[in-house]
Amino acid sequence: MTTATDPRVLQTLDGKPWDIDAYVRIGGYEAWTKCVNELSATDIVNELKRAGLRGRGGAGFPTGIKWEKILNHRIKEHYFVCNAGEHEPGTFKDRYMLQHAPHQLIEGCLIAAYTVQAKEAFIYLNHEYQEERESLKKALAQAKARGFLGKNAMGSGMDLDLQIFDGYGSYVAGEETAMLESIQGRPAMPRQKPPFYPTDFGLYGNPTLVNNVETLCNIPRIFQKGAAWFTQVGTEKCPGTMMFSLSGAINKPGVYERPMGTTIRELIKTCGGGVPGGRKIKAVFPGGPAFPMVTPDQLDLMMDFDSLKKAGTGLGSAGMIVVDDATCMVAKTLHFSSFFRDESCGQCPSCRMGTINLTALLTKIEQGEGTQKDMDSLLQLCGFVKGTGYCTLVTGAAVLVQSSMKLFRHEFDEHIRLQRCPYQPAAATAVAAQ
Ligand SMILES: Cc1cc2nc3c(=O)[nH]c(=O)nc-3n(C[C@H](O)[C@H](O)[C@H](O)COP(=O)(O)O)c2cc1C
């Protein structure tokens, strides 16, 4: 991991990440103390709005506005959940924060839960993150021993406990309404919308604040150093930094904190050290496989919510995947399509059948058995399923196929003309699509 010149999120600790003394030495828990002793909930929300922080879990929703909605809700029983469900291919930044900054996350959670006066507060943790769970448990015990949480935490008058909830272990479980279902003891399946947001109808039907790990890790420093400091980096509408996960055809995969608006080129070249073996870039998924790819002529695009949306794609949770020119795009598309198929919770017929059929058609083409009619069926199916379902999983699966067929149609055509994958030796056309 390389940090930004002036990081907003990740701070270097002189000690173990879960060691509270190391965190306190760099000003840890100062923000929490300040919030309890000096600021009202409205002051906290206003400062957050001034900072312009936007959610880092994918949608980029303004955090201050979300907190305000709960604070002002006519129903007064509120809940708070930190979303640490992280399960998307190519995104591993929340895991990095859990490993390296558990106290910072705890402090962010405490400020959030306190501001919205949460009756109960949870960290919904990816079920595979067992090491992170242990270090989080140690950090929580230390913070409790210091009185930062627990009964009448910091003299706040609130009994504030953060419960680690072992996640359901699926991609869909990270979708906020599925996550809430899971906490309520039901299968992690997204809820029917409307109501659209947990701010209105969340845990047990009550207003619930859901924020991503990285979003929450931004909170302590905003209150320690002020909104004006926070907005000094990033773009006007997307201030601060982002933890970019870099993977795929890259020399130095990893998590890099860089200002919002950093170009794709800089991330690949300066942070990631370019593409291995001097190969050329064929495509980049700037925001994971559920958003359209960009091509090498678009490397100067800025990585922030608005710039990427304007360019017809999206930042998502900034899981950037680089694809080099030795890669078969049909195989790559099939790989991610299989992920969507396997991760569909099966609740919505369009998603269950759509992801199965998209993957089956792609498999046929990749294995050299496809026809032009299959290509038409693929595009038709994308049109049918896009925008359906209680969550965006099937839309992501359709966007992936549409983007690949739009940009790399010639590769699909070549599979059909040759009746094999051009990237495989002629004899080895059988490709497993597990
Ligand atoms: C299929 C799916 C999976 C998601 N997975 C995650 C996840 O693992 N972590 C996360 O924070 N948000 C995830 N989200 C977004 C959440 O629903 C929600 O928008 C987010 O947690 C809100 O936090 P933020 O405002 O801090 O970004 C997912 C959304 C969808 C549709």
# chains A, B, ... in the order shown; residues from 1 in each chain; ligands from 1
$ closest_atom_pairs --of "range 17-89 of chain A" --to "range 103-109 of chain A" --cutoff "7 Å" --atoms "only C-alpha atoms" --output "Markdown table"
| residue | atom | partner | partner_atom | distance |
| --- | --- | --- | --- | --- |
| A:Trp18 | CA | A:His103 | CA | 6.6 |
| A:Tyr23 | CA | A:His103 | CA | 6.9 |
| A:Tyr29 | CA | A:Glu107 | CA | 6.2 |
| A:Trp32 | CA | A:Glu107 | CA | 6.4 |
| A:Cys82 | CA | A:Cys109 | CA | 7.0 |
$ write_last_selection --atoms "N, CA, C and O atoms" --output "PDB file, in the first residue's frame"
ATOM      1  N   TRP A  18      -4.284  -2.816  16.142  1.00  0.00           N
ATOM      2  CA  TRP A  18      -5.335  -2.923  17.164  1.00  0.00           C
ATOM      3  C   TRP A  18      -4.910  -2.331  18.507  1.00  0.00           C
ATOM      4  O   TRP A  18      -5.699  -2.264  19.442  1.00  0.00           O
ATOM      5  N   TYR A  23      -2.819   4.192  18.429  1.00  0.00           N
ATOM      6  CA  TYR A  23      -3.828   5.049  17.788  1.00  0.00           C
ATOM      7  C   TYR A  23      -3.991   6.369  18.545  1.00  0.00           C
ATOM      8  O   TYR A  23      -4.074   7.443  17.937  1.00  0.00           O
ATOM      9  N   TYR A  29      -9.267   8.969  18.843  1.00  0.00           N
ATOM     10  CA  TYR A  29     -10.380   9.200  19.764  1.00  0.00           C
ATOM     11  C   TYR A  29     -10.532  10.664  20.201  1.00  0.00           C
ATOM     12  O   TYR A  29     -11.383  10.990  21.004  1.00  0.00           O
ATOM     13  N   TRP A  32     -13.880  11.753  18.670  1.00  0.00           N
ATOM     14  CA  TRP A  32     -15.004  11.201  19.441  1.00  0.00           C
ATOM     15  C   TRP A  32     -15.218  12.038  20.698  1.00  0.00           C
ATOM     16  O   TRP A  32     -16.326  12.420  21.041  1.00  0.00           O
ATOM     17  N   CYS A  82     -22.583  -0.657  10.254  1.00  0.00           N
ATOM     18  CA  CYS A  82     -21.417  -0.448   9.398  1.00  0.00           C
ATOM     19  C   CYS A  82     -21.376  -1.618   8.413  1.00  0.00           C
ATOM     20  O   CYS A  82     -21.344  -2.779   8.828  1.00  0.00           O
TER      21      CYS A  82
END
$ closest_atom_pairs --of "chain A" --to "ligand 1" --cutoff "6 Å" --atoms "only C-alpha atoms and all ligand atoms" --output "tab-separated table"
residue	atom	partner	partner_atom_place_in_ligand_line	distance
A:Gly55	CA	ligand 1	27 (O)	3.3
A:Arg56	CA	ligand 1	27 (O)	4.3
A:Gly57	CA	ligand 1	27 (O)	3.3
A:Gly58	CA	ligand 1	27 (O)	5.4
A:Ala59	CA	ligand 1	19 (O)	5.5
A:Gly60	CA	ligand 1	27 (O)	5.7
A:Phe61	CA	ligand 1	25 (O)	5.4
A:Asn83	CA	ligand 1	11 (O)	4.6
A:Ala84	CA	ligand 1	9 (N)	5.6
A:Gly85	CA	ligand 1	8 (O)	4.0
A:Glu86	CA	ligand 1	8 (O)	3.3
A:His87	CA	ligand 1	8 (O)	5.3
A:Tyr171	CA	ligand 1	3 (C)	5.5
A:Val172	CA	ligand 1	1 (C)	4.4
A:Gly174	CA	ligand 1	5 (N)	3.3
A:Glu175	CA	ligand 1	17 (O)	3.6
A:Glu176	CA	ligand 1	17 (O)	3.9
A:Val210	CA	ligand 1	23 (O)	5.4
A:Asn211	CA	ligand 1	26 (O)	3.4
A:Asn212	CA	ligand 1	11 (O)	3.7
A:Thr215	CA	ligand 1	26 (O)	4.9
A:Cys391	CA	ligand 1	31 (C)	5.2
A:Thr392	CA	ligand 1	31 (C)	4.8
A:Leu393	CA	ligand 1	1 (C)	5.1
$ residues_around --residues "Pro7 in chain A" --least-positions-apart "4" --cutoff "12 Å" --atoms "only C-alpha atoms" --output "PyMOL selection string"
chain A and resi 2-3+11-12+217-218+221-222+229-234+240-243+256-260
$ select_by_dssp --residues "range 321-397 of chain A" --states "alpha helix (DSSP H)" --output "ChimeraX atom specification"
/A:329-343,349-366,372-385,393-397
$ write_last_selection --atoms "C-alpha atoms" --output "PDB file, in the first residue's frame"
ATOM      1  CA  MET A 329     -12.654 -10.663 -23.679  1.00  0.00           C
ATOM      2  CA  VAL A 330     -15.231 -13.407 -24.146  1.00  0.00           C
ATOM      3  CA  ALA A 331     -13.482 -15.490 -21.479  1.00  0.00           C
ATOM      4  CA  LYS A 332     -13.164 -12.451 -19.195  1.00  0.00           C
ATOM      5  CA  THR A 333     -16.835 -11.632 -19.603  1.00  0.00           C
ATOM      6  CA  LEU A 334     -17.740 -15.250 -18.975  1.00  0.00           C
ATOM      7  CA  HIS A 335     -15.626 -15.264 -15.812  1.00  0.00           C
ATOM      8  CA  PHE A 336     -17.490 -12.311 -14.266  1.00  0.00           C
ATOM      9  CA  SER A 337     -20.844 -13.453 -15.623  1.00  0.00           C
ATOM     10  CA  SER A 338     -20.328 -16.773 -13.816  1.00  0.00           C
ATOM     11  CA  PHE A 339     -19.695 -14.798 -10.624  1.00  0.00           C
ATOM     12  CA  PHE A 340     -23.007 -12.944 -11.003  1.00  0.00           C
ATOM     13  CA  ARG A 341     -24.810 -16.217 -11.730  1.00  0.00           C
ATOM     14  CA  ASP A 342     -23.331 -17.904  -8.674  1.00  0.00           C
ATOM     15  CA  GLU A 343     -24.047 -14.922  -6.436  1.00  0.00           C
ATOM     16  CA  PRO A 349     -36.842 -14.757 -11.586  1.00  0.00           C
ATOM     17  CA  SER A 350     -35.290 -12.261 -14.017  1.00  0.00           C
ATOM     18  CA  CYS A 351     -32.011 -12.382 -12.087  1.00  0.00           C
ATOM     19  CA  ARG A 352     -32.001 -16.102 -11.401  1.00  0.00           C
ATOM     20  CA  MET A 353     -32.798 -17.108 -14.993  1.00  0.00           C
ATOM     21  CA  GLY A 354     -31.140 -14.086 -16.594  1.00  0.00           C
ATOM     22  CA  THR A 355     -27.722 -14.704 -15.063  1.00  0.00           C
ATOM     23  CA  ILE A 356     -27.959 -18.457 -15.816  1.00  0.00           C
ATOM     24  CA  ASN A 357     -28.853 -17.841 -19.468  1.00  0.00           C
ATOM     25  CA  LEU A 358     -26.311 -15.068 -20.038  1.00  0.00           C
ATOM     26  CA  THR A 359     -23.588 -17.344 -18.678  1.00  0.00           C
ATOM     27  CA  ALA A 360     -24.778 -20.322 -20.738  1.00  0.00           C
ATOM     28  CA  LEU A 361     -24.695 -18.292 -23.968  1.00  0.00           C
ATOM     29  CA  LEU A 362     -21.259 -16.900 -23.186  1.00  0.00           C
ATOM     30  CA  THR A 363     -19.992 -20.402 -22.409  1.00  0.00           C
ATOM     31  CA  LYS A 364     -21.272 -21.642 -25.759  1.00  0.00           C
ATOM     32  CA  ILE A 365     -19.506 -18.835 -27.630  1.00  0.00           C
ATOM     33  CA  GLU A 366     -16.255 -19.233 -25.702  1.00  0.00           C
ATOM     34  CA  GLN A 372     -24.792 -15.254 -34.688  1.00  0.00           C
ATOM     35  CA  LYS A 373     -28.222 -16.020 -33.259  1.00  0.00           C
ATOM     36  CA  ASP A 374     -26.631 -16.552 -29.825  1.00  0.00           C
ATOM     37  CA  MET A 375     -25.105 -13.091 -30.060  1.00  0.00           C
ATOM     38  CA  ASP A 376     -28.518 -11.610 -30.839  1.00  0.00           C
ATOM     39  CA  SER A 377     -30.028 -13.577 -27.948  1.00  0.00           C
ATOM     40  CA  LEU A 378     -27.336 -12.271 -25.585  1.00  0.00           C
ATOM     41  CA  LEU A 379     -28.111  -8.662 -26.420  1.00  0.00           C
ATOM     42  CA  GLN A 380     -31.853  -9.257 -26.324  1.00  0.00           C
ATOM     43  CA  LEU A 381     -31.592 -10.901 -22.917  1.00  0.00           C
ATOM     44  CA  CYS A 382     -29.549  -7.979 -21.581  1.00  0.00           C
ATOM     45  CA  GLY A 383     -32.350  -5.661 -22.681  1.00  0.00           C
ATOM     46  CA  PHE A 384     -34.978  -7.811 -20.968  1.00  0.00           C
ATOM     47  CA  VAL A 385     -33.290  -8.122 -17.575  1.00  0.00           C
ATOM     48  CA  LEU A 393     -27.101  -7.537  -9.462  1.00  0.00           C
ATOM     49  CA  VAL A 394     -28.760  -8.571 -12.717  1.00  0.00           C
ATOM     50  CA  THR A 395     -28.387  -5.063 -14.123  1.00  0.00           C
ATOM     51  CA  GLY A 396     -24.661  -5.320 -13.432  1.00  0.00           C
ATOM     52  CA  ALA A 397     -24.539  -8.686 -15.210  1.00  0.00           C
TER      53      ALA A 397
END
$ residues_around --residues "Ile321 in chain A" --least-positions-apart "2" --cutoff "8 Å" --atoms "only C-alpha atoms" --output "list in words"
Gly90, Leu246, Ser247, Gly248, Ala249, Val284, Phe285, Pro286, Gly287, Gly288, Gly319 and Val323 of chain A
$ select_by_dssp --residues "range 141-227 of chain A" --states "strand (DSSP E)" --output "PyMOL selection string"
chain A and resi 162-166+208-212
$ decode --residues "range 397-412 of chain A" --atoms "all heavy atoms" --output "compact mmCIF listing (two decimals), in the first residue's frame"
# COMPACT_ATOMS: atom_id res chain seq x y z
N ALA A 397 -24.89 -7.57 -14.33
CA ALA A 397 -24.54 -8.69 -15.21
C ALA A 397 -24.83 -8.31 -16.67
O ALA A 397 -24.05 -8.63 -17.58
CB ALA A 397 -25.34 -9.93 -14.81
N ALA A 398 -25.94 -7.60 -16.90
CA ALA A 398 -26.30 -7.20 -18.26
C ALA A 398 -25.36 -6.11 -18.78
O ALA A 398 -24.91 -6.15 -19.93
CB ALA A 398 -27.74 -6.70 -18.29
N VAL A 399 -25.02 -5.16 -17.90
CA VAL A 399 -24.12 -4.07 -18.29
C VAL A 399 -22.76 -4.64 -18.71
O VAL A 399 -22.14 -4.20 -19.68
CB VAL A 399 -23.97 -3.06 -17.12
CG1 VAL A 399 -22.77 -2.15 -17.31
CG2 VAL A 399 -25.25 -2.23 -16.98
N LEU A 400 -22.30 -5.63 -17.96
CA LEU A 400 -21.02 -6.28 -18.28
C LEU A 400 -21.03 -6.83 -19.71
O LEU A 400 -20.11 -6.57 -20.50
CB LEU A 400 -20.78 -7.41 -17.26
CG LEU A 400 -19.75 -8.46 -17.62
CD1 LEU A 400 -18.35 -7.89 -17.42
CD2 LEU A 400 -19.91 -9.73 -16.78
N VAL A 401 -22.08 -7.57 -20.04
CA VAL A 401 -22.15 -8.20 -21.38
C VAL A 401 -22.31 -7.14 -22.46
O VAL A 401 -21.62 -7.17 -23.49
CB VAL A 401 -23.32 -9.23 -21.42
CG1 VAL A 401 -23.49 -9.78 -22.82
CG2 VAL A 401 -23.07 -10.35 -20.42
N GLN A 402 -23.16 -6.16 -22.20
CA GLN A 402 -23.37 -5.10 -23.20
C GLN A 402 -22.09 -4.34 -23.47
O GLN A 402 -21.74 -4.05 -24.61
CB GLN A 402 -24.44 -4.12 -22.71
CG GLN A 402 -25.85 -4.66 -22.84
CD GLN A 402 -26.87 -3.68 -22.27
OE1 GLN A 402 -26.60 -2.98 -21.31
NE2 GLN A 402 -28.06 -3.65 -22.86
N SER A 403 -21.38 -4.02 -22.38
CA SER A 403 -20.14 -3.25 -22.54
C SER A 403 -19.11 -4.07 -23.33
O SER A 403 -18.46 -3.56 -24.25
CB SER A 403 -19.61 -2.91 -21.14
OG SER A 403 -18.27 -2.56 -21.17
N SER A 404 -19.00 -5.34 -23.00
CA SER A 404 -18.02 -6.18 -23.68
C SER A 404 -18.37 -6.35 -25.16
O SER A 404 -17.50 -6.27 -26.03
CB SER A 404 -17.99 -7.54 -22.97
OG SER A 404 -16.96 -8.32 -23.47
N MET A 405 -19.67 -6.53 -25.45
CA MET A 405 -20.06 -6.74 -26.84
C MET A 405 -19.98 -5.45 -27.65
O MET A 405 -19.75 -5.46 -28.85
CB MET A 405 -21.47 -7.33 -26.92
CG MET A 405 -21.47 -8.80 -26.48
SD MET A 405 -23.04 -9.58 -26.69
CE MET A 405 -23.08 -9.87 -28.45
N LYS A 406 -20.15 -4.32 -26.97
CA LYS A 406 -20.05 -3.04 -27.68
C LYS A 406 -18.58 -2.75 -28.04
O LYS A 406 -18.26 -2.37 -29.16
CB LYS A 406 -20.60 -1.93 -26.78
CG LYS A 406 -20.60 -0.58 -27.43
CD LYS A 406 -21.25 0.44 -26.51
CE LYS A 406 -20.87 1.84 -26.94
NZ LYS A 406 -20.93 2.79 -25.86
N LEU A 407 -17.71 -2.97 -27.07
CA LEU A 407 -16.30 -2.61 -27.29
C LEU A 407 -15.50 -3.69 -28.00
O LEU A 407 -14.52 -3.39 -28.67
CB LEU A 407 -15.63 -2.29 -25.94
CG LEU A 407 -16.20 -1.10 -25.16
CD1 LEU A 407 -15.59 -1.03 -23.78
CD2 LEU A 407 -15.94 0.19 -25.93
N PHE A 408 -15.89 -4.94 -27.82
CA PHE A 408 -15.07 -6.04 -28.36
C PHE A 408 -15.89 -7.01 -29.21
O PHE A 408 -15.63 -8.21 -29.20
CB PHE A 408 -14.37 -6.77 -27.19
CG PHE A 408 -13.54 -5.83 -26.36
CD1 PHE A 408 -14.00 -5.38 -25.13
CD2 PHE A 408 -12.33 -5.35 -26.83
CE1 PHE A 408 -13.26 -4.48 -24.39
CE2 PHE A 408 -11.58 -4.44 -26.09
CZ PHE A 408 -12.05 -4.00 -24.86
N ARG A 409 -16.84 -6.46 -29.94
CA ARG A 409 -17.71 -7.28 -30.78
C ARG A 409 -16.87 -8.16 -31.73
O ARG A 409 -17.18 -9.32 -31.98
CB ARG A 409 -18.64 -6.35 -31.58
CG ARG A 409 -19.54 -7.00 -32.59
CD ARG A 409 -20.73 -7.66 -31.90
NE ARG A 409 -21.44 -8.51 -32.80
CZ ARG A 409 -22.75 -8.70 -32.77
NH1 ARG A 409 -23.48 -8.07 -31.89
NH2 ARG A 409 -23.32 -9.52 -33.62
N HIS A 410 -15.79 -7.57 -32.24
CA HIS A 410 -14.94 -8.32 -33.18
C HIS A 410 -14.40 -9.60 -32.54
O HIS A 410 -14.24 -10.61 -33.22
CB HIS A 410 -13.78 -7.44 -33.69
CG HIS A 410 -12.99 -6.80 -32.58
ND1 HIS A 410 -13.46 -5.72 -31.86
CD2 HIS A 410 -11.79 -7.11 -32.06
CE1 HIS A 410 -12.56 -5.38 -30.95
NE2 HIS A 410 -11.54 -6.21 -31.04
N GLU A 411 -14.17 -9.60 -31.26
CA GLU A 411 -13.66 -10.82 -30.61
C GLU A 411 -14.76 -11.89 -30.52
O GLU A 411 -14.50 -13.07 -30.70
CB GLU A 411 -13.13 -10.52 -29.21
CG GLU A 411 -11.85 -9.70 -29.24
CD GLU A 411 -11.07 -9.76 -27.93
OE1 GLU A 411 -11.23 -10.72 -27.15
OE2 GLU A 411 -10.29 -8.82 -27.69
N PHE A 412 -15.97 -11.43 -30.26
CA PHE A 412 -17.09 -12.38 -30.23
C PHE A 412 -17.27 -12.97 -31.63
O PHE A 412 -17.42 -14.18 -31.81
CB PHE A 412 -18.39 -11.67 -29.78
CG PHE A 412 -18.45 -11.40 -28.30
CD1 PHE A 412 -17.72 -10.36 -27.74
CD2 PHE A 412 -19.24 -12.18 -27.46
CE1 PHE A 412 -17.77 -10.09 -26.38
CE2 PHE A 412 -19.30 -11.93 -26.09
CZ PHE A 412 -18.57 -10.88 -25.56
